[in-house]
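See structure below.
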Amino acid sequence: MDVIIDANIIRRDLKLNDRNFEILSDYLKKTNSKIIFPSIVIEEIKGLYKRALKERYDEFEKSTNKLKSTLV
């Protein structure tokens, strides 16, 4: 049985490191099934990942500026 994944599932763990994904992966191997990502889900995941990267970059930039102002 193939499994269709919604973006809300991936939102919790963009890298798919969660224990539930290990269980799913094991199931897929044992049943010779696969994960199906509809194109709309792939686009939504791309957007989520971009926003997460931007947030982290902004945090990095703030921290760098604080450090610079402390040192100067």
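All residue names refer to the structure tokens as shown: chains lettered A, B, ... in order, residues numbered from 1 in each chain, ligands numbered from 1 in order.
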
Residues of chain A in helix (DSSP H, G or I), written as an mmCIF file with N, CA, C and O atoms, in the first residue's frame:
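New file result_33.cif:
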```cif
data_model
loop_
_atom_site.group_PDB
_atom_site.id
_atom_site.type_symbol
_atom_site.label_atom_id
_atom_site.label_comp_id
_atom_site.auth_asym_id
_atom_site.auth_seq_id
_atom_site.Cartn_x
_atom_site.Cartn_y
_atom_site.Cartn_z
ATOM 1 N N ALA A 7 1.814 17.903 3.690
ATOM 2 C CA ALA A 7 2.870 18.819 4.144
ATOM 3 C C ALA A 7 2.821 19.043 5.658
ATOM 4 O O ALA A 7 3.851 19.306 6.276
ATOM 5 N N ASN A 8 1.654 18.951 6.269
ATOM 6 C CA ASN A 8 1.554 19.153 7.719
ATOM 7 C C ASN A 8 2.362 18.116 8.493
ATOM 8 O O ASN A 8 2.863 18.401 9.581
ATOM 9 N N ILE A 9 2.507 16.934 7.958
ATOM 10 C CA ILE A 9 3.299 15.886 8.602
ATOM 11 C C ILE A 9 4.780 16.270 8.560
ATOM 12 O O ILE A 9 5.500 16.134 9.538
ATOM 13 N N ILE A 10 5.215 16.779 7.430
ATOM 14 C CA ILE A 10 6.622 17.123 7.250
ATOM 15 C C ILE A 10 6.971 18.421 7.978
ATOM 16 O O ILE A 10 8.098 18.608 8.413
ATOM 17 N N ARG A 11 5.988 19.282 8.162
ATOM 18 C CA ARG A 11 6.204 20.563 8.847
ATOM 19 C C ARG A 11 6.836 20.346 10.230
ATOM 20 O O ARG A 11 7.665 21.115 10.665
ATOM 21 N N ARG A 19 11.223 9.603 14.793
ATOM 22 C CA ARG A 19 11.087 8.151 14.945
ATOM 23 C C ARG A 19 9.938 7.604 14.088
ATOM 24 O O ARG A 19 10.017 6.498 13.558
ATOM 25 N N ASN A 20 8.893 8.391 13.927
ATOM 26 C CA ASN A 20 7.765 7.943 13.109
ATOM 27 C C ASN A 20 8.162 7.708 11.655
ATOM 28 O O ASN A 20 7.625 6.818 10.993
ATOM 29 N N PHE A 21 9.102 8.487 11.157
ATOM 30 C CA PHE A 21 9.562 8.287 9.781
ATOM 31 C C PHE A 21 10.411 7.024 9.661
ATOM 32 O O PHE A 21 10.420 6.376 8.621
ATOM 33 N N GLU A 22 11.122 6.692 10.730
ATOM 34 C CA GLU A 22 11.859 5.424 10.744
ATOM 35 C C GLU A 22 10.876 4.253 10.651
ATOM 36 O O GLU A 22 11.108 3.298 9.902
ATOM 37 N N ILE A 23 9.801 4.346 11.407
ATOM 38 C CA ILE A 23 8.777 3.296 11.393
ATOM 39 C C ILE A 23 8.133 3.220 10.017
ATOM 40 O O ILE A 23 7.937 2.120 9.472
ATOM 41 N N LEU A 24 7.817 4.371 9.455
ATOM 42 C CA LEU A 24 7.219 4.406 8.118
ATOM 43 C C LEU A 24 8.171 3.813 7.089
ATOM 44 O O LEU A 24 7.760 3.017 6.237
ATOM 45 N N SER A 25 9.432 4.179 7.171
ATOM 46 C CA SER A 25 10.433 3.655 6.244
ATOM 47 C C SER A 25 10.525 2.131 6.344
ATOM 48 O O SER A 25 10.591 1.435 5.317
ATOM 49 N N ASP A 26 10.511 1.635 7.549
ATOM 50 C CA ASP A 26 10.545 0.191 7.762
ATOM 51 C C ASP A 26 9.315 -0.477 7.134
ATOM 52 O O ASP A 26 9.434 -1.493 6.449
ATOM 53 N N TYR A 27 8.156 0.123 7.347
ATOM 54 C CA TYR A 27 6.914 -0.393 6.758
ATOM 55 C C TYR A 27 7.007 -0.423 5.236
ATOM 56 O O TYR A 27 6.635 -1.410 4.593
ATOM 57 N N LEU A 28 7.495 0.678 4.662
ATOM 58 C CA LEU A 28 7.587 0.769 3.202
ATOM 59 C C LEU A 28 8.490 -0.320 2.635
ATOM 60 O O LEU A 28 8.169 -0.922 1.600
ATOM 61 N N LYS A 29 9.601 -0.573 3.323
ATOM 62 C CA LYS A 29 10.520 -1.626 2.862
ATOM 63 C C LYS A 29 9.870 -3.001 2.944
ATOM 64 O O LYS A 29 9.981 -3.809 2.020
ATOM 65 N N LYS A 30 9.206 -3.265 4.062
ATOM 66 C CA LYS A 30 8.609 -4.590 4.276
ATOM 67 C C LYS A 30 7.438 -4.872 3.348
ATOM 68 O O LYS A 30 7.179 -6.023 3.014
ATOM 69 N N THR A 31 6.740 -3.825 2.939
ATOM 70 C CA THR A 31 5.563 -4.025 2.093
ATOM 71 C C THR A 31 5.823 -3.660 0.629
ATOM 72 O O THR A 31 4.908 -3.695 -0.184
ATOM 73 N N SER A 39 2.338 17.158 -6.121
ATOM 74 C CA SER A 39 3.141 18.332 -6.483
ATOM 75 C C SER A 39 2.822 19.530 -5.590
ATOM 76 O O SER A 39 3.725 20.300 -5.241
ATOM 77 N N ILE A 40 1.583 19.689 -5.177
ATOM 78 C CA ILE A 40 1.226 20.807 -4.303
ATOM 79 C C ILE A 40 1.930 20.674 -2.955
ATOM 80 O O ILE A 40 2.349 21.664 -2.353
ATOM 81 N N VAL A 41 2.095 19.451 -2.479
ATOM 82 C CA VAL A 41 2.787 19.204 -1.213
ATOM 83 C C VAL A 41 4.275 19.541 -1.366
ATOM 84 O O VAL A 41 4.862 20.163 -0.484
ATOM 85 N N ILE A 42 4.856 19.171 -2.468
ATOM 86 C CA ILE A 42 6.272 19.482 -2.714
ATOM 87 C C ILE A 42 6.483 20.993 -2.733
ATOM 88 O O ILE A 42 7.432 21.500 -2.121
ATOM 89 N N GLU A 43 5.591 21.733 -3.389
ATOM 90 C CA GLU A 43 5.706 23.194 -3.422
ATOM 91 C C GLU A 43 5.568 23.787 -2.019
ATOM 92 O O GLU A 43 6.299 24.707 -1.645
ATOM 93 N N GLU A 44 4.637 23.260 -1.235
ATOM 94 C CA GLU A 44 4.446 23.755 0.123
ATOM 95 C C GLU A 44 5.673 23.457 0.993
ATOM 96 O O GLU A 44 6.107 24.302 1.777
ATOM 97 N N ILE A 45 6.257 22.291 0.821
ATOM 98 C CA ILE A 45 7.455 21.916 1.578
ATOM 99 C C ILE A 45 8.620 22.834 1.212
ATOM 100 O O ILE A 45 9.380 23.267 2.079
ATOM 101 N N LYS A 46 8.760 23.146 -0.068
ATOM 102 C CA LYS A 46 9.809 24.081 -0.496
ATOM 103 C C LYS A 46 9.640 25.429 0.202
ATOM 104 O O LYS A 46 10.611 26.025 0.679
ATOM 105 N N GLY A 47 8.403 25.913 0.258
ATOM 106 C CA GLY A 47 8.122 27.183 0.920
ATOM 107 C C GLY A 47 8.433 27.122 2.405
ATOM 108 O O GLY A 47 9.022 28.054 2.969
ATOM 109 N N LEU A 48 8.043 26.029 3.052
ATOM 110 C CA LEU A 48 8.329 25.851 4.483
ATOM 111 C C LEU A 48 9.825 25.862 4.739
ATOM 112 O O LEU A 48 10.309 26.498 5.682
ATOM 113 N N TYR A 49 10.562 25.153 3.908
ATOM 114 C CA TYR A 49 12.009 25.059 4.079
ATOM 115 C C TYR A 49 12.663 26.418 3.866
ATOM 116 O O TYR A 49 13.543 26.821 4.619
ATOM 117 N N LYS A 50 12.213 27.155 2.844
ATOM 118 C CA LYS A 50 12.756 28.488 2.582
ATOM 119 C C LYS A 50 12.526 29.402 3.776
ATOM 120 O O LYS A 50 13.423 30.140 4.187
ATOM 121 N N ARG A 51 11.303 29.371 4.334
ATOM 122 C CA ARG A 51 11.001 30.217 5.490
ATOM 123 C C ARG A 51 11.844 29.826 6.699
ATOM 124 O O ARG A 51 12.334 30.693 7.426
ATOM 125 N N ALA A 52 12.022 28.536 6.914
ATOM 126 C CA ALA A 52 12.841 28.065 8.043
ATOM 127 C C ALA A 52 14.286 28.527 7.876
ATOM 128 O O ALA A 52 14.910 28.990 8.838
ATOM 129 N N LEU A 53 14.822 28.432 6.662
ATOM 130 C CA LEU A 53 16.191 28.893 6.410
ATOM 131 C C LEU A 53 16.316 30.393 6.627
ATOM 132 O O LEU A 53 17.287 30.868 7.217
ATOM 133 N N LYS A 54 15.326 31.145 6.147
ATOM 134 C CA LYS A 54 15.361 32.601 6.314
ATOM 135 C C LYS A 54 15.315 32.973 7.789
ATOM 136 O O LYS A 54 16.062 33.842 8.231
ATOM 137 N N GLU A 55 14.472 32.308 8.579
ATOM 138 C CA GLU A 55 14.400 32.581 10.013
ATOM 139 C C GLU A 55 15.742 32.312 10.684
ATOM 140 O O GLU A 55 16.219 33.115 11.495
ATOM 141 N N ARG A 56 16.358 31.199 10.337
ATOM 142 C CA ARG A 56 17.651 30.869 10.937
ATOM 143 C C ARG A 56 18.734 31.853 10.513
ATOM 144 O O ARG A 56 19.593 32.227 11.297
ATOM 145 N N TYR A 57 18.698 32.254 9.250
ATOM 146 C CA TYR A 57 19.674 33.228 8.763
ATOM 147 C C TYR A 57 19.490 34.568 9.489
ATOM 148 O O TYR A 57 20.473 35.198 9.893
ATOM 149 N N ASP A 58 18.247 34.992 9.650
ATOM 150 C CA ASP A 58 17.976 36.248 10.353
ATOM 151 C C ASP A 58 18.463 36.177 11.801
ATOM 152 O O ASP A 58 19.032 37.143 12.317
ATOM 153 N N GLU A 59 18.255 35.044 12.453
ATOM 154 C CA GLU A 59 18.752 34.858 13.822
ATOM 155 C C GLU A 59 20.278 34.943 13.846
ATOM 156 O O GLU A 59 20.863 35.555 14.745
ATOM 157 N N PHE A 60 20.903 34.300 12.881
ATOM 158 C CA PHE A 60 22.366 34.336 12.768
ATOM 159 C C PHE A 60 22.860 35.769 12.591
ATOM 160 O O PHE A 60 23.806 36.205 13.247
ATOM 161 N N GLU A 61 22.194 36.501 11.711
ATOM 162 C CA GLU A 61 22.585 37.874 11.435
ATOM 163 C C GLU A 61 22.439 38.741 12.689
ATOM 164 O O GLU A 61 23.323 39.555 12.995
ATOM 165 N N LYS A 62 21.352 38.587 13.431
ATOM 166 C CA LYS A 62 21.155 39.340 14.672
ATOM 167 C C LYS A 62 22.262 39.022 15.676
ATOM 168 O O LYS A 62 22.824 39.920 16.302
ATOM 169 N N SER A 63 22.554 37.740 15.824
ATOM 170 C CA SER A 63 23.601 37.329 16.770
ATOM 171 C C SER A 63 24.960 37.883 16.364
ATOM 172 O O SER A 63 25.739 38.333 17.208
ATOM 173 N N THR A 64 25.247 37.855 15.083
ATOM 174 C CA THR A 64 26.515 38.381 14.573
ATOM 175 C C THR A 64 26.613 39.875 14.851
ATOM 176 O O THR A 64 27.657 40.364 15.300
ATOM 177 N N ASN A 65 25.528 40.597 14.617
ATOM 178 C CA ASN A 65 25.535 42.046 14.872
ATOM 179 C C ASN A 65 25.699 42.343 16.357
ATOM 180 O O ASN A 65 26.414 43.283 16.724
ATOM 181 N N LYS A 66 25.066 41.582 17.219
ATOM 182 C CA LYS A 66 25.224 41.762 18.668
ATOM 183 C C LYS A 66 26.670 41.518 19.074
ATOM 184 O O LYS A 66 27.249 42.255 19.873
ATOM 185 N N LEU A 67 27.257 40.459 18.533
ATOM 186 C CA LEU A 67 28.648 40.150 18.846
ATOM 187 C C LEU A 67 29.571 41.275 18.373
ATOM 188 O O LEU A 67 30.466 41.704 19.108
ATOM 189 N N LYS A 68 29.349 41.745 17.164
ATOM 190 C CA LYS A 68 30.175 42.844 16.629
ATOM 191 C C LYS A 68 30.062 44.089 17.498
ATOM 192 O O LYS A 68 31.070 44.734 17.796
ATOM 193 N N SER A 69 28.849 44.421 17.913
ATOM 194 C CA SER A 69 28.677 45.624 18.738
ATOM 195 C C SER A 69 29.303 45.457 20.121
ATOM 196 O O SER A 69 29.735 46.432 20.732
ATOM 197 N N THR A 70 29.377 44.250 20.602
ATOM 198 C CA THR A 70 30.014 43.977 21.899
ATOM 199 C C THR A 70 31.523 44.119 21.791
ATOM 200 O O THR A 70 32.173 44.613 22.703
ATOM 201 N N LEU A 71 32.073 43.694 20.680
ATOM 202 C CA LEU A 71 33.526 43.708 20.500
ATOM 203 C C LEU A 71 34.075 45.079 20.115
ATOM 204 O O LEU A 71 35.257 45.345 20.297
#
```

Computed interatomic separation between CA of Met1 in chain A and CA of Asn32 in chain A (Å)
8.0 Å

Based on DSSP run over this structure's backbone, return all residues of chain A in strand (DSSP E or B), as a ChimeraX atom specification.
/A:3-4,35-36
